[in-house]
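S.K.: coords_31.pdb is reproduced in full below (PDB, C-alpha atoms).
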```
ATOM      1  CA  MET X  29     -14.657   7.144   8.002
ATOM      2  CA  THR X  30     -17.615   8.469   6.048
ATOM      3  CA  ASN X  31     -17.172   7.659   2.377
ATOM      4  CA  GLU X  32     -16.873  11.198   1.018
ATOM      5  CA  LYS X  33     -15.912  11.852  -2.577
ATOM      6  CA  VAL X  34     -12.374  12.904  -3.489
ATOM      7  CA  SER X  35     -11.810  14.727  -6.786
ATOM      8  CA  VAL X  36      -8.411  13.855  -8.267
ATOM      9  CA  ILE X  37      -7.186  16.494 -10.732
ATOM     10  CA  MET X  38      -4.544  15.720 -13.341
ATOM     11  CA  SER X  39      -3.395  17.730 -16.345
ATOM     12  CA  CYS X  40      -1.809  15.983 -19.354
ATOM     13  CA  TYR X  41       0.394  17.584 -21.970
ATOM     14  CA  LYS X  42       3.101  15.572 -23.755
ATOM     15  CA  GLU X  43       3.827  12.735 -21.325
ATOM     16  CA  LYS X  44       5.095   9.425 -22.658
ATOM     17  CA  LYS X  45       2.346   6.841 -23.051
ATOM     18  CA  GLU X  46       4.081   4.438 -20.655
ATOM     19  CA  TRP X  47       4.206   7.121 -17.977
ATOM     20  CA  LEU X  48       0.583   8.101 -18.516
ATOM     21  CA  ASN X  49      -0.629   4.503 -18.277
ATOM     22  CA  LEU X  50       1.180   3.977 -14.971
ATOM     23  CA  SER X  51      -0.100   7.253 -13.575
ATOM     24  CA  ILE X  52      -3.758   6.611 -14.463
ATOM     25  CA  GLU X  53      -3.669   3.031 -13.213
ATOM     26  CA  SER X  54      -2.153   4.127  -9.899
ATOM     27  CA  ILE X  55      -5.199   6.338  -9.251
ATOM     28  CA  LEU X  56      -7.807   3.872 -10.462
ATOM     29  CA  GLY X  57      -6.238   1.221  -8.215
ATOM     30  CA  GLN X  58      -6.524   3.242  -5.009
ATOM     31  CA  THR X  59      -7.851   1.492  -1.898
ATOM     32  CA  TYR X  60     -10.127   4.522  -1.437
ATOM     33  CA  GLN X  61     -12.628   4.024  -4.231
ATOM     34  CA  ASN X  62     -15.028   6.979  -3.948
ATOM     35  CA  ILE X  63     -13.205   9.254  -6.343
ATOM     36  CA  GLU X  64     -13.811  11.185  -9.514
ATOM     37  CA  PHE X  65     -10.768  11.384 -11.732
ATOM     38  CA  LEU X  66     -10.709  14.674 -13.642
ATOM     39  CA  ILE X  67      -8.211  14.549 -16.510
ATOM     40  CA  ILE X  68      -7.553  17.809 -18.335
ATOM     41  CA  VAL X  69      -6.042  17.357 -21.803
ATOM     42  CA  ASP X  70      -3.799  20.367 -22.456
ATOM     43  CA  ASP X  71      -2.557  19.131 -25.832
ATOM     44  CA  PRO X  72      -5.757  18.589 -27.851
ATOM     45  CA  ASP X  73      -3.812  17.695 -31.003
ATOM     46  CA  ASN X  74      -2.087  14.752 -29.293
ATOM     47  CA  ALA X  75      -4.180  11.877 -30.657
ATOM     48  CA  GLU X  76      -2.131   9.138 -28.972
ATOM     49  CA  LEU X  77      -2.519  10.724 -25.541
ATOM     50  CA  LYS X  78      -6.255  11.207 -26.023
ATOM     51  CA  ASN X  79      -6.752   7.620 -27.197
ATOM     52  CA  ILE X  80      -5.151   6.322 -24.007
ATOM     53  CA  ILE X  81      -7.252   8.553 -21.767
ATOM     54  CA  TYR X  82     -10.579   7.825 -23.491
ATOM     55  CA  ARG X  83      -9.848   4.100 -23.474
ATOM     56  CA  TYR X  84      -9.603   4.222 -19.681
ATOM     57  CA  ALA X  85     -12.675   6.484 -19.474
ATOM     58  CA  MET X  86     -14.775   3.936 -21.355
ATOM     59  CA  LYS X  87     -13.827   1.260 -18.806
ATOM     60  CA  ASP X  88     -14.201   3.337 -15.638
ATOM     61  CA  ASN X  89     -17.029   5.852 -15.233
ATOM     62  CA  ARG X  90     -15.178   7.652 -12.438
ATOM     63  CA  ILE X  91     -13.035   9.330 -15.113
ATOM     64  CA  ARG X  92     -14.199  12.642 -16.569
ATOM     65  CA  VAL X  93     -12.209  14.172 -19.405
ATOM     66  CA  CYS X  94     -11.977  17.813 -20.431
ATOM     67  CA  GLU X  95     -10.066  18.952 -23.518
ATOM     68  CA  ASN X  96      -8.669  22.477 -23.679
ATOM     69  CA  LYS X  97      -9.215  24.059 -27.089
ATOM     70  CA  LYS X  98      -5.483  24.769 -27.212
ATOM     71  CA  ASN X  99      -2.469  24.507 -24.931
ATOM     72  CA  MET X 100      -3.361  26.708 -21.957
ATOM     73  CA  GLY X 101      -0.767  25.719 -19.375
ATOM     74  CA  LEU X 102      -0.865  23.976 -16.020
ATOM     75  CA  VAL X 103      -2.499  26.719 -13.947
ATOM     76  CA  TYR X 104      -5.449  27.114 -16.323
ATOM     77  CA  SER X 105      -5.899  23.339 -16.489
ATOM     78  CA  LEU X 106      -5.833  22.882 -12.712
ATOM     79  CA  ASN X 107      -8.355  25.673 -12.218
ATOM     80  CA  LYS X 108     -10.564  24.069 -14.869
ATOM     81  CA  GLY X 109     -10.399  20.845 -12.876
ATOM     82  CA  LEU X 110     -11.353  22.697  -9.699
ATOM     83  CA  GLU X 111     -14.395  24.162 -11.497
ATOM     84  CA  MET X 112     -15.457  20.676 -12.630
ATOM     85  CA  SER X 113     -14.926  19.006  -9.256
ATOM     86  CA  THR X 114     -17.860  17.761  -7.197
ATOM     87  CA  GLY X 115     -15.935  16.118  -4.354
ATOM     88  CA  LYS X 116     -15.587  17.372  -0.782
ATOM     89  CA  TYR X 117     -11.814  16.925  -1.091
ATOM     90  CA  ILE X 118      -9.302  17.724  -3.833
ATOM     91  CA  ALA X 119      -6.256  15.576  -4.625
ATOM     92  CA  ARG X 120      -3.500  16.410  -7.094
ATOM     93  CA  MET X 121      -1.760  14.072  -9.466
ATOM     94  CA  ASP X 122       0.829  14.533 -12.208
ATOM     95  CA  ALA X 123       0.632  12.530 -15.422
ATOM     96  CA  ASP X 124       4.168  11.169 -15.129
ATOM     97  CA  ASP X 125       4.138  10.160 -11.432
ATOM     98  CA  ILE X 126       2.895   7.013  -9.684
ATOM     99  CA  SER X 127       0.767   7.032  -6.512
ATOM    100  CA  GLU X 128       0.983   4.241  -3.970
ATOM    101  CA  ASN X 129      -2.371   2.450  -3.898
ATOM    102  CA  ARG X 130      -3.143   3.557  -0.318
ATOM    103  CA  ARG X 131      -2.156   7.203  -0.853
ATOM    104  CA  ILE X 132      -5.609   8.805  -0.897
ATOM    105  CA  GLU X 133      -6.900   6.718   2.007
ATOM    106  CA  GLU X 134      -3.914   7.525   4.210
ATOM    107  CA  GLU X 135      -3.866  11.218   3.334
ATOM    108  CA  LEU X 136      -7.574  11.577   4.023
ATOM    109  CA  ASN X 137      -7.231   9.785   7.366
ATOM    110  CA  HIS X 138      -4.280  11.997   8.318
ATOM    111  CA  LEU X 139      -6.075  15.192   7.326
ATOM    112  CA  LYS X 140      -9.101  14.327   9.451
ATOM    113  CA  LYS X 141      -7.163  12.946  12.412
ATOM    114  CA  TYR X 142      -5.148  16.130  12.897
ATOM    115  CA  ASN X 143      -7.813  18.608  11.707
ATOM    116  CA  LEU X 144      -5.727  19.861   8.786
ATOM    117  CA  ASP X 145      -6.763  21.711   5.636
ATOM    118  CA  LEU X 146      -4.117  20.332   3.264
ATOM    119  CA  VAL X 147      -1.682  17.416   3.459
ATOM    120  CA  GLY X 148       1.131  15.951   1.402
ATOM    121  CA  SER X 149       3.661  13.186   1.867
ATOM    122  CA  ASP X 150       7.265  12.186   1.305
ATOM    123  CA  ILE X 151       8.282  10.977  -2.154
ATOM    124  CA  VAL X 152      10.774   8.606  -3.702
ATOM    125  CA  ALA X 153      12.355   9.523  -7.011
ATOM    126  CA  ILE X 154      12.125   7.424 -10.158
ATOM    127  CA  ASP X 155      13.979   7.843 -13.425
ATOM    128  CA  GLU X 156      12.678   7.829 -16.984
ATOM    129  CA  ASN X 157      12.498   4.019 -16.899
ATOM    130  CA  SER X 158      10.399   4.094 -13.707
ATOM    131  CA  ASP X 159      13.275   2.663 -11.678
ATOM    132  CA  ILE X 160      13.810   4.000  -8.169
ATOM    133  CA  MET X 161      16.820   6.332  -7.992
ATOM    134  CA  PRO X 162      18.924   5.200  -4.994
ATOM    135  CA  GLY X 163      19.595   7.961  -2.493
ATOM    136  CA  VAL X 164      17.273  10.434  -4.223
ATOM    137  CA  ALA X 165      14.210  11.026  -2.074
ATOM    138  CA  ALA X 166      12.516  13.895  -0.282
ATOM    139  CA  GLN X 167      11.646  13.910   3.378
ATOM    140  CA  MET X 168       9.204  16.663   4.261
ATOM    141  CA  PRO X 169       8.500  18.430   7.552
ATOM    142  CA  VAL X 170       5.523  16.795   9.240
ATOM    143  CA  SER X 171       3.865  19.281  11.562
ATOM    144  CA  ASN X 172       2.119  22.546  10.823
ATOM    145  CA  GLN X 173       4.522  24.642  12.906
ATOM    146  CA  TYR X 174       7.653  23.383  11.129
ATOM    147  CA  ILE X 175       6.052  23.592   7.693
ATOM    148  CA  LYS X 176       5.183  27.248   8.274
ATOM    149  CA  TYR X 177       8.778  28.017   9.231
ATOM    150  CA  ILE X 178      10.317  26.274   6.212
ATOM    151  CA  LEU X 179       7.802  27.951   3.882
ATOM    152  CA  ARG X 180       9.700  31.174   4.545
ATOM    153  CA  TYR X 181      12.369  29.829   2.187
ATOM    154  CA  LYS X 182      10.783  27.286  -0.153
ATOM    155  CA  SER X 183       7.847  24.965  -0.736
ATOM    156  CA  CYS X 184       7.789  21.884   1.480
ATOM    157  CA  LEU X 185       4.609  20.095   0.359
ATOM    158  CA  MET X 186       5.271  18.220  -2.872
ATOM    159  CA  HIS X 187       2.547  19.434  -5.234
ATOM    160  CA  PRO X 188       1.545  16.061  -6.787
ATOM    161  CA  THR X 189       1.045  14.607  -3.278
ATOM    162  CA  TRP X 190      -1.537  17.188  -2.155
ATOM    163  CA  LEU X 191      -4.935  16.287  -0.752
ATOM    164  CA  GLY X 192      -7.019  19.020   0.815
ATOM    165  CA  LYS X 193     -10.454  20.275   1.673
ATOM    166  CA  LYS X 194     -12.194  21.760  -1.328
ATOM    167  CA  GLU X 195     -13.074  24.823   0.726
ATOM    168  CA  ILE X 196      -9.399  25.822   1.038
ATOM    169  CA  PHE X 197      -9.103  25.813  -2.768
ATOM    170  CA  GLU X 198     -12.289  27.880  -2.977
ATOM    171  CA  THR X 199     -11.054  30.309  -0.311
ATOM    172  CA  MET X 200      -7.850  30.830  -2.309
ATOM    173  CA  SER X 201      -9.856  31.126  -5.573
ATOM    174  CA  GLY X 202      -7.712  28.332  -6.950
ATOM    175  CA  TYR X 203      -4.254  28.898  -8.384
ATOM    176  CA  ARG X 204      -3.058  32.280  -9.566
ATOM    177  CA  GLU X 205      -1.857  32.774 -13.147
ATOM    178  CA  ILE X 206       1.838  33.091 -12.453
ATOM    179  CA  ASN X 207       4.532  31.691 -14.722
ATOM    180  CA  TYR X 208       6.247  29.518 -12.095
ATOM    181  CA  CYS X 209       5.766  28.265  -8.529
ATOM    182  CA  GLU X 210       1.964  28.379  -8.498
ATOM    183  CA  ASP X 211       2.010  25.756  -5.730
ATOM    184  CA  TYR X 212       4.365  27.764  -3.495
ATOM    185  CA  ASP X 213       2.260  30.884  -4.056
ATOM    186  CA  PHE X 214      -0.853  28.888  -3.100
ATOM    187  CA  LEU X 215       0.748  27.599   0.122
ATOM    188  CA  LEU X 216       1.939  31.047   1.200
ATOM    189  CA  ARG X 217      -1.533  32.503   0.654
ATOM    190  CA  ALA X 218      -3.136  29.561   2.453
ATOM    191  CA  VAL X 219      -0.887  29.938   5.514
ATOM    192  CA  LEU X 220      -1.581  33.680   5.595
ATOM    193  CA  SER X 221      -5.314  32.885   5.689
ATOM    194  CA  GLY X 222      -4.827  30.544   8.665
ATOM    195  CA  ALA X 223      -4.797  27.174   6.878
ATOM    196  CA  ARG X 224      -3.276  24.211   8.723
ATOM    197  CA  LEU X 225      -0.859  22.064   6.739
ATOM    198  CA  GLY X 226       0.767  18.676   7.308
ATOM    199  CA  ASN X 227       2.820  15.927   5.695
ATOM    200  CA  ILE X 228       2.744  12.154   6.175
ATOM    201  CA  PRO X 229       6.291  10.974   6.980
ATOM    202  CA  GLU X 230       6.342   8.137   4.473
ATOM    203  CA  PRO X 231       6.621   8.078   0.661
ATOM    204  CA  LEU X 232       3.177   7.763  -0.902
ATOM    205  CA  LEU X 233       4.192   8.871  -4.388
ATOM    206  CA  LYS X 234       6.907   7.975  -6.873
ATOM    207  CA  TYR X 235       8.047  11.276  -8.316
ATOM    208  CA  ARG X 236       9.526  11.132 -11.793
ATOM    209  CA  TYR X 237      12.627  13.196 -12.451
ATOM    210  CA  ASN X 238      12.060  14.306 -16.023
ATOM    211  CA  PHE X 239      15.267  16.097 -16.967
ATOM    212  CA  LEU X 240      13.646  17.566 -20.070
ATOM    213  CA  GLY X 241      10.647  18.954 -18.167
ATOM    214  CA  ILE X 242       9.670  22.621 -18.270
ATOM    215  CA  SER X 243      10.646  23.270 -14.648
ATOM    216  CA  ARG X 244      14.108  21.776 -15.239
ATOM    217  CA  GLN X 245      14.708  23.920 -18.326
ATOM    218  CA  ASN X 246      13.747  27.106 -16.466
ATOM    219  CA  LYS X 247      15.365  26.290 -13.143
ATOM    220  CA  ALA X 248      16.967  29.709 -12.598
ATOM    221  CA  GLU X 249      13.761  31.627 -13.375
ATOM    222  CA  GLN X 250      11.777  29.288 -11.134
ATOM    223  CA  ARG X 251      14.193  29.733  -8.228
ATOM    224  CA  CYS X 252      14.142  33.498  -8.778
ATOM    225  CA  ILE X 253      10.356  33.553  -8.394
ATOM    226  CA  THR X 254      10.598  31.276  -5.321
ATOM    227  CA  TYR X 255      12.905  33.706  -3.540
ATOM    228  CA  PHE X 256      10.804  36.691  -4.598
ATOM    229  CA  LEU X 257       7.639  35.090  -3.221
ATOM    230  CA  GLY X 258       9.399  34.101  -0.003
ATOM    231  CA  ARG X 259      10.673  37.652   0.560
ATOM    232  CA  ASN X 260       7.166  38.986   0.041
ATOM    233  CA  ARG X 261       5.269  36.262   1.932
ATOM    234  CA  LYS X 262       3.753  38.673   4.457
ATOM    235  CA  VAL X 263       2.052  40.652   1.683
ATOM    236  CA  ILE X 264       1.522  37.735  -0.700
ATOM    237  CA  ASP X 265      -2.257  38.230  -0.719
ATOM    238  CA  VAL X 266      -1.958  41.749  -2.154
ATOM    239  CA  LEU X 267       0.967  41.005  -4.482
ATOM    240  CA  SER X 268      -0.445  41.066  -8.013
ATOM    241  CA  THR X 269       0.258  38.381 -10.602
ATOM    242  CA  ALA X 270       1.611  41.106 -12.903
ATOM    243  CA  THR X 271       4.165  42.121 -10.273
ATOM    244  CA  ILE X 272       5.232  38.488  -9.749
ATOM    245  CA  ASN X 273       5.493  37.666 -13.452
ATOM    246  CA  SER X 274       7.415  40.866 -14.271
ATOM    247  CA  PHE X 275      10.091  40.406 -11.593
ATOM    248  CA  PRO X 276      12.358  38.016 -13.596
ATOM    249  CA  VAL X 277      12.588  40.573 -16.439
ATOM    250  CA  SER X 278      13.240  43.504 -14.109
ATOM    251  CA  THR X 279      16.787  44.790 -13.588
ATOM    252  CA  GLU X 280      16.972  43.172 -10.142
ATOM    253  CA  GLY X 281      15.425  39.940 -11.423
ATOM    254  CA  LYS X 282      17.845  39.652 -14.358
ATOM    255  CA  LYS X 283      20.760  40.157 -11.969
ATOM    256  CA  GLU X 284      19.463  37.405  -9.673
ATOM    257  CA  ILE X 285      18.965  34.985 -12.563
ATOM    258  CA  ARG X 286      22.475  35.655 -13.887
ATOM    259  CA  GLU X 287      23.978  35.027 -10.425
ATOM    260  CA  MET X 288      21.857  31.915  -9.989
ATOM    261  CA  LYS X 289      22.953  30.440 -13.325
ATOM    262  CA  GLU X 290      26.579  30.963 -12.282
ATOM    263  CA  TYR X 291      25.841  29.154  -9.034
ATOM    264  CA  PHE X 292      24.117  26.267 -10.864
ATOM    265  CA  LEU X 293      27.100  25.927 -13.226
ATOM    266  CA  ILE X 294      29.583  25.653 -10.342
ATOM    267  CA  SER X 295      27.242  23.219  -8.558
ATOM    268  CA  LYS X 296      27.144  21.020 -11.653
ATOM    269  CA  ILE X 297      30.946  20.907 -11.723
ATOM    270  CA  ALA X 298      30.958  19.998  -8.024
ATOM    271  CA  LEU X 299      28.533  17.147  -8.668
ATOM    272  CA  GLN X 300      30.702  15.842 -11.521
ATOM    273  CA  ASN X 301      33.767  15.948  -9.239
ATOM    274  CA  LYS X 302      31.850  14.018  -6.593
ATOM    275  CA  MET X 303      30.759  11.350  -9.088
ATOM    276  CA  ASN X 304      34.332  11.059 -10.382
ATOM    277  CA  GLY X 305      35.675  10.694  -6.858
ATOM    278  CA  ASP X 306      37.929  13.741  -7.226
ATOM    279  CA  TYR X 307      37.428  15.111  -3.706
ATOM    280  CA  ARG X 308      40.230  17.674  -3.929
ATOM    281  CA  LYS X 309      38.475  19.394  -6.844
ATOM    282  CA  LEU X 310      35.137  18.865  -5.095
ATOM    283  CA  LEU X 311      36.398  20.764  -2.044
ATOM    284  CA  LYS X 312      37.681  23.597  -4.224
ATOM    285  CA  THR X 313      34.386  23.931  -6.096
ATOM    286  CA  CYS X 314      32.403  23.787  -2.851
ATOM    287  CA  ILE X 315      34.481  26.673  -1.470
ATOM    288  CA  LYS X 316      33.857  28.539  -4.720
ATOM    289  CA  ILE X 317      30.124  27.856  -4.385
ATOM    290  CA  LEU X 318      30.071  29.284  -0.856
ATOM    291  CA  ARG X 319      31.678  32.477  -2.137
ATOM    292  CA  THR X 320      28.663  33.143  -4.347
ATOM    293  CA  LYS X 321      25.534  34.862  -3.064
ATOM    294  CA  TYR X 322      23.236  31.959  -3.831
ATOM    295  CA  GLY X 323      25.768  29.392  -2.706
ATOM    296  CA  ARG X 324      25.693  30.893   0.790
ATOM    297  CA  ARG X 325      21.930  31.247   0.712
ATOM    298  CA  ASN X 326      21.327  27.683  -0.450
ATOM    299  CA  ALA X 327      23.807  26.281   2.053
ATOM    300  CA  TYR X 328      21.905  28.049   4.832
ATOM    301  CA  ILE X 329      18.503  26.890   3.563
ATOM    302  CA  ILE X 330      19.671  23.283   3.157
ATOM    303  CA  PHE X 331      21.180  23.278   6.643
ATOM    304  CA  ILE X 332      18.244  24.848   8.451
ATOM    305  CA  THR X 333      15.569  22.831   6.638
ATOM    306  CA  LYS X 334      17.336  19.511   7.158
ATOM    307  CA  PHE X 335      17.901  20.345  10.823
ATOM    308  CA  LEU X 336      14.260  21.319  11.342
ATOM    309  CA  ILE X 337      12.948  18.262   9.497
ATOM    310  CA  LYS X 338      15.091  15.946  11.604
ATOM    311  CA  LEU X 339      13.958  17.690  14.778
ATOM    312  CA  ASP X 340      10.332  17.544  13.646
ATOM    313  CA  ARG X 341      10.480  13.855  12.756
ATOM    314  CA  ARG X 342      12.262  12.950  15.960
ATOM    315  CA  GLU X 343       9.369  14.462  17.881
ATOM    316  CA  ILE X 344       6.667  12.939  15.684
ATOM    317  CA  LEU X 345       8.111   9.457  15.369
ATOM    318  CA  ASN X 346       9.369   8.972  18.921
ATOM    319  CA  LYS X 347       6.699   6.577  20.166
ATOM    320  CA  GLU X 348       7.440   7.312  23.830
ATOM    321  CA  VAL X 349       6.462  10.967  23.512
ATOM    322  CA  GLN X 350       4.142  10.884  20.513
ATOM    323  CA  ALA X 351       0.931  10.570  22.499
ATOM    324  CA  THR X 352       1.747  13.536  24.745
ATOM    325  CA  MET X 353       3.074  15.751  21.969
ATOM    326  CA  VAL X 354       0.529  15.268  19.208
ATOM    327  CA  LYS X 355      -1.919  17.905  20.492
ATOM    328  CA  GLU X 356       0.907  20.358  21.041
ATOM    329  CA  ILE X 357       2.398  19.797  17.587
ATOM    330  CA  TYR X 358      -0.852  20.036  15.646
TER     331      TYR X 358
END
```
The structure given in the file should be rewritten as structure tokens.
M.R.:
Amino acid sequence: MTNEKVSVIMSCYKEKKEWLNLSIESILGQTYQNIEFLIIVDDPDNAELKNIIYRYAMKDNRIRVCENKKNMGLVYSLNKGLEMSTGKYIARMDADDISENRRIEEELNHLKKYNLDLVGSDIVAIDENSDIMPGVAAQMPVSNQYIKYILRYKSCLMHPTWLGKKEIFETMSGYREINYCEDYDFLLRAVLSGARLGNIPEPLLKYRYNFLGISRQNKAEQRCITYFLGRNRKVIDVLSTATINSFPVSTEGKKEIREMKEYFLISKIALQNKMNGDYRKLLKTCIKILRTKYGRRNAYIIFITKFLIKLDRREILNKEVQATMVKEIY
């Protein structure tokens, strides 16, 4: 492999110092060393956060720091990182996650081997103490053809695991200024332009479940935008950011959010019943869930995506047929 530079882009806001230290160290300790680490500080008044970042920057000249004049949000910060980048490839990182030390090397190898434009990987979940959460992980579809099918319903490349050719980010003009789901919007536009996507079927990132995070607090609005983008995927390139951002406050959008919050509430009760071992109440709540619009929709999406992922992985990982199928799959 030619030793081409990878630009790793990470935005920081109000992450705990312990999380930030682990995140930075996981990138600096990568087996693939030819990187530039672009850290965008989106909370310029956070002295503790800045002290940590500049301390690392003084020790490792691969780090370049940019401070926003004020809190500008994730999309602005990521696009700022793209403008600063000088690498042939772009990798994403979140300031509260932990990359496996071989992540960049393996993703770059995979991208080149299968002639892809953007790759991701599976993840394992960690809690606020950085402990692995048993049974909480995400297996992603592996091949381009399955990814494109699942993208009809939701994103299936975990954003902080991305590594892609810089030219695909340039072709898309970076991320669009939408309030939620900027990664899903990017993927839909990329697929429409002919980009080839893939995932590595092994966890190369520890993804932190931050239950106080912005995406968790606005779950219904985020899901509303996801469904809106999915329904409009065939015209995503001409769908304006104003149209996307205004949908949640439209009459139809408000109705969807209200129905989704009702579904989330019932789902939470079902989860509590499961944890308490009360399977009679669990069955009743599950039936109630399936009577709701989004209960039926989510049940279908969960079923079809899990089925497709299992089918995809069976084809990819079956060593007896892998050699003959790899050209067909990719």
S.K.: If we count all atoms listed in the file and set the cut-off at 12 Å, which residues sit around Asp73 in chain X, ignoring sequence neighbours fewer than 5 positions away in its own chain? Please answer as a PDB file with C-alpha atoms, keeping the file's coordinate frame.
M.R.:
```
ATOM      1  CA  CYS X  40      -1.809  15.983 -19.354  1.00  0.00           C
ATOM      2  CA  TYR X  41       0.394  17.584 -21.970  1.00  0.00           C
ATOM      3  CA  LYS X  42       3.101  15.572 -23.755  1.00  0.00           C
ATOM      4  CA  LYS X  78      -6.255  11.207 -26.023  1.00  0.00           C
ATOM      5  CA  ASN X  79      -6.752   7.620 -27.197  1.00  0.00           C
ATOM      6  CA  GLU X  95     -10.066  18.952 -23.518  1.00  0.00           C
ATOM      7  CA  ASN X  96      -8.669  22.477 -23.679  1.00  0.00           C
ATOM      8  CA  LYS X  97      -9.215  24.059 -27.089  1.00  0.00           C
ATOM      9  CA  LYS X  98      -5.483  24.769 -27.212  1.00  0.00           C
ATOM     10  CA  ASN X  99      -2.469  24.507 -24.931  1.00  0.00           C
TER      11      ASN X  99
END
```
S.K.: What residues come out when you apply the PyMOL selection byres ((chain X and resi 50-66) around 8) to this file, written as an MDAnalysis selection string?
M.R.: chainID X and resid 31:38 46:49 67:68 90:94 109 112:113 115 122:133
S.K.: With all atoms of range 139-142 of chain X from the file as input, state the centre and edge lengths in Å to one decimal of the axis-aligned box that has 3 Å extra on each side, as AutoDock Vina command-line options.
M.R.:
```
--center_x -7.1 --center_y 14.5 --center_z 10.1 --size_x 10.0 --size_y 9.2 --size_z 11.6
```
S.K.: Nearest to Leu102 in chain X among X:Phe335, X:Phe214, X:Tyr203, X:Tyr322, with distances taken over only C-alpha atoms: which residue is it?
M.R.: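 So, comparing all the options, the nearest one is X:Tyr203.
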S.K.: Can you tell me which residues surround Pro162 in chain X at a distance of at most 9 Å, considering only C-alpha atoms, apart from same-chain residues fewer than 5 positions away, and format the answer as a compact mmCIF listing (two decimals) with C-alpha atoms, in the coordinates of the input?
M.R.:
```txt
# COMPACT_ATOMS: atom_id res chain seq x y z
CA VAL X 152 10.77 8.61 -3.70
CA ALA X 153 12.36 9.52 -7.01
CA ILE X 154 12.12 7.42 -10.16
```
S.K.: Could you list the residues chosen by the PyMOL selection byres ((chain X and resi 166) around 6) in this structure as a list in words?
M.R.: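 Against this file, the PyMOL selection byres ((chain X and resi 166) around 6) returns the residues Asp150, Ile151, Ala165 and Gln167 of chain X.
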S.K.: Counting only C-alpha atoms, figure out which residue out of X:Asp265, X:Asp306, X:Glu287, X:Glu43 gets nearest to Ser201 in chain X.
M.R.: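 Under the stated criterion, the closest residue is X:Asp265.
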S.K.: Got a sec to resolve the PyMOL selection byres ((chain X and resi 278-281) around 12) on this structure and send the residues as a PyMOL selection string?
M.R.: chain X and resi 248-256+270-277+282-288
S.K.: Take CA of Asn172 in chain X and CA of Arg224 in chain X and report the distance between them in Å, one decimal.
M.R.: 6.0 Å
S.K.: Can you work out the spacing between CA of Leu310 in chain X and CA of Ile330 in chain X in Å, to one decimal?
M.R.: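 For CA of Leu310 in chain X relative to CA of Ile330 in chain X, the distance reads 18.1 Å.
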S.K.: Of the candidates X:Tyr142, X:Tyr212, X:Tyr174, X:Tyr82, which shows the shortest atom-to-atom distance to Leu339 in chain X, using all atoms listed in the file?
M.R.: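 With all atoms listed in the file as the atom set, the closest residue is X:Tyr174.
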S.K.: Would you work out the distance separating CA of Leu267 in chain X from CA of Glu290 in chain X, expressed in Å to one decimal?
M.R.: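 CA of Glu290 in chain X lies 28.6 Å from CA of Leu267 in chain X.
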S.K.: With distances taken over all atoms listed in the file, which residue among X:Ile196, X:Ala75, X:Ile294, X:Cys184 lies nearest Leu146 in chain X?
M.R.: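 Of all the options, X:Ile196 lies closest to Leu146 in chain X.
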S.K.: Taking only C-alpha atoms into account, name the residue in X:Ile178, X:Val164, X:Leu215, X:Ile81 that is nearest to Phe197 in chain X.
M.R.: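 Under the stated criterion, the closest residue is X:Leu215.
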S.K.: Point out the residue among X:Gly226, X:Glu111, X:Thr199, X:Arg83 with the least atom-to-atom distance to Lys141 in chain X, counting all atoms listed in the file.
M.R.: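 Residue with the minimum atom-to-atom distance to Lys141 in chain X: X:Gly226.
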S.K.: Can you pull out the residues contacting Phe331 in chain X? Cut-off 12 Å, using all atoms listed in the file, and skip same-chain residues under 6 positions away; I want them as a PyMOL selection string.
M.R.: chain X and resi 178+181+324-325+337-338
